[in-house]
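Peer 1: Take a look at upload-v3.txt, compact mmCIF, C-alpha atoms:
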```txt
# COMPACT_ATOMS: atom_id res chain seq x y z
CA MET A 378 3.77 2.83 -26.38
CA GLU A 379 4.43 3.44 -22.69
CA THR A 380 2.06 0.59 -21.78
CA VAL A 381 4.01 -1.81 -23.98
CA VAL A 382 7.25 -0.87 -22.24
CA ARG A 383 5.66 -1.29 -18.80
CA VAL A 384 4.29 -4.74 -19.68
CA ALA A 385 7.68 -5.76 -21.08
CA ILE A 386 9.38 -4.66 -17.84
CA VAL A 387 6.93 -6.70 -15.77
CA TYR A 388 7.37 -9.74 -18.03
CA VAL A 389 11.17 -9.64 -17.81
CA PHE A 390 11.03 -9.10 -14.06
CA VAL A 391 8.69 -12.06 -13.40
CA TRP A 392 10.65 -14.26 -15.81
CA ALA A 393 13.92 -13.42 -14.06
CA CYS A 394 12.42 -14.05 -10.63
CA PHE A 395 11.20 -17.50 -11.58
CA ARG A 396 14.57 -18.31 -13.15
CA VAL A 397 16.25 -17.39 -9.86
CA VAL A 398 13.79 -19.55 -7.93
CA GLY A 399 14.62 -22.37 -10.37
CA LYS A 400 11.23 -23.06 -11.88
CA ARG A 401 11.19 -23.28 -15.64
CA GLU A 402 7.81 -24.87 -16.27
CA LEU A 403 4.41 -24.57 -14.63
CA SER A 404 4.45 -28.32 -13.92
CA GLN A 405 7.38 -27.76 -11.53
CA LEU A 406 5.47 -25.25 -9.38
CA SER A 407 4.10 -26.21 -5.99
CA PRO A 408 0.57 -25.01 -5.18
CA PHE A 409 2.04 -22.23 -3.01
CA GLU A 410 4.27 -21.04 -5.85
CA LEU A 411 1.31 -21.09 -8.24
CA VAL A 412 -0.68 -18.88 -5.89
CA THR A 413 2.31 -16.54 -5.73
CA LEU A 414 2.36 -16.38 -9.52
CA LEU A 415 -1.36 -15.58 -9.60
CA PHE A 416 -0.94 -12.88 -6.92
CA THR A 417 1.84 -11.07 -8.79
CA PRO A 418 -0.37 -9.29 -11.38
CA GLN A 419 -2.30 -7.60 -8.58
CA LEU A 420 0.93 -5.94 -7.45
CA PHE A 421 1.49 -4.45 -10.89
CA SER A 422 -2.11 -3.68 -11.87
CA ARG A 423 -2.12 -0.04 -10.74
CA ALA A 424 1.16 0.71 -12.49
CA LEU A 425 0.02 -0.93 -15.73
CA THR A 426 -3.33 0.88 -15.79
CA ARG A 427 -1.56 4.18 -15.02
CA GLN A 428 -3.44 4.80 -11.78
CA ASP A 429 -0.01 4.96 -10.18
CA TYR A 430 2.69 6.06 -12.61
CA SER A 431 5.47 4.47 -10.60
CA MET A 432 6.57 0.91 -11.35
CA THR A 433 8.66 1.07 -8.18
CA ILE A 434 5.84 0.04 -5.85
CA GLY A 435 5.00 -3.00 -7.98
CA ILE A 436 8.63 -4.05 -8.29
CA ILE A 437 9.24 -3.67 -4.55
CA GLY A 438 6.11 -5.66 -3.72
CA ALA A 439 6.87 -8.42 -6.20
CA SER A 440 10.53 -8.52 -5.12
CA THR A 441 9.44 -9.02 -1.53
CA LEU A 442 7.00 -11.73 -2.56
CA PHE A 443 9.59 -13.58 -4.65
CA LEU A 444 12.25 -13.20 -1.96
CA LEU A 445 9.94 -14.80 0.58
CA LEU A 446 9.14 -17.55 -1.93
CA PHE A 447 12.84 -18.15 -2.53
CA LEU A 448 13.66 -18.25 1.18
CA THR A 449 10.78 -20.63 1.86
CA SER A 450 11.92 -22.91 -0.96
CA ALA A 451 15.54 -22.87 0.23
CA GLU A 452 14.58 -23.65 3.81
CA ARG A 453 12.13 -26.34 2.72
CA TYR A 454 14.83 -28.01 0.68
CA GLY A 455 17.17 -28.28 3.64
CA ARG A 456 14.75 -29.17 6.41
CA GLU A 457 12.29 -32.02 6.22
CA ARG A 458 10.16 -30.81 9.15
CA LEU A 459 9.76 -27.37 7.63
CA ALA A 460 8.88 -28.97 4.29
CA SER A 461 6.00 -30.87 5.92
CA ILE A 462 4.73 -27.68 7.61
CA VAL A 463 4.84 -25.67 4.37
CA GLN A 464 3.20 -28.46 2.36
```
Would you write out, as structure tokens, the structure that this file holds?

Peer 2:
Amino acid sequence: METVVRVAIVYVFVWACFRVVGKRELSQLSPFELVTLLFTPQLFSRALTRQDYSMTIGIIGASTLFLLLFLTSAERYGRERLASIVQ
């Protein structure tokens, strides 16, 4: 039962992060954002397999990743030169 709760926490967290970033569908993701999405499970893998009983490390790592993604998206939106560098 604990595994189900952990997976639900991760699901809600990732869902909320992508809602904050503003992406609702996979078709709206840039390649960089897709790689970020694929990297996220690695951050939570130890907590979900109970090798590390703390979800805190996964949440901090994913929060940092999504914060950087959000900041990059916000800067890219406002600056055309930065958008070309990131693309």

Peer 1: Could you tell me how far CA of Glu410 (chain A) lies from CA of Thr380 (chain A), in Å and to one decimal?

Peer 2: 27.0 Å

Peer 1: Measuring between all atoms listed in the file, which one of A:Ala451, A:Ser407, A:Phe421, A:Gly438 shows the shortest distance to Ala385 (chain A)?

Peer 2: A:Phe421

Peer 1: I'd like to know which of A:Leu425, A:Ile437, A:Leu448, A:Leu442 is closest to Tyr388 (chain A), using only C-alpha atoms.

Peer 2: A:Leu425

Peer 1: With a distance cut-off of 12 Å and all atoms listed in the file, select the neighbouring residues of Leu415 (chain A), excluding the residue or stretch itself and same-chain residues fewer than 3 positions from it, and output the selection as a list in words.

Peer 2: Val391, Leu403, Leu406, Pro408, Phe409, Glu410, Leu411, Val412, Pro418, Gln419, Leu420, Phe421, Ala439 and Leu442 of chain A

Peer 1: Please save C-alpha atoms of the selected residues as an mmCIF file, keeping the file's coordinate frame.

Peer 2:
```
data_model
loop_
_atom_site.group_PDB
_atom_site.id
_atom_site.type_symbol
_atom_site.label_atom_id
_atom_site.label_comp_id
_atom_site.auth_asym_id
_atom_site.auth_seq_id
_atom_site.Cartn_x
_atom_site.Cartn_y
_atom_site.Cartn_z
ATOM 1 C CA VAL A 391 8.690 -12.060 -13.400
ATOM 2 C CA LEU A 403 4.410 -24.570 -14.630
ATOM 3 C CA LEU A 406 5.470 -25.250 -9.380
ATOM 4 C CA PRO A 408 0.570 -25.010 -5.180
ATOM 5 C CA PHE A 409 2.040 -22.230 -3.010
ATOM 6 C CA GLU A 410 4.270 -21.040 -5.850
ATOM 7 C CA LEU A 411 1.310 -21.090 -8.240
ATOM 8 C CA VAL A 412 -0.680 -18.880 -5.890
ATOM 9 C CA PRO A 418 -0.370 -9.290 -11.380
ATOM 10 C CA GLN A 419 -2.300 -7.600 -8.580
ATOM 11 C CA LEU A 420 0.930 -5.940 -7.450
ATOM 12 C CA PHE A 421 1.490 -4.450 -10.890
ATOM 13 C CA ALA A 439 6.870 -8.420 -6.200
ATOM 14 C CA LEU A 442 7.000 -11.730 -2.560
#
```

Peer 1: Go through A:Met378, A:Val389, A:Gly399, A:Cys394 and flag the residue nearest Ser450 (chain A), using all atoms listed in the file for the distances.

Peer 2: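 So, comparing all the options, the nearest one is A:Gly399.
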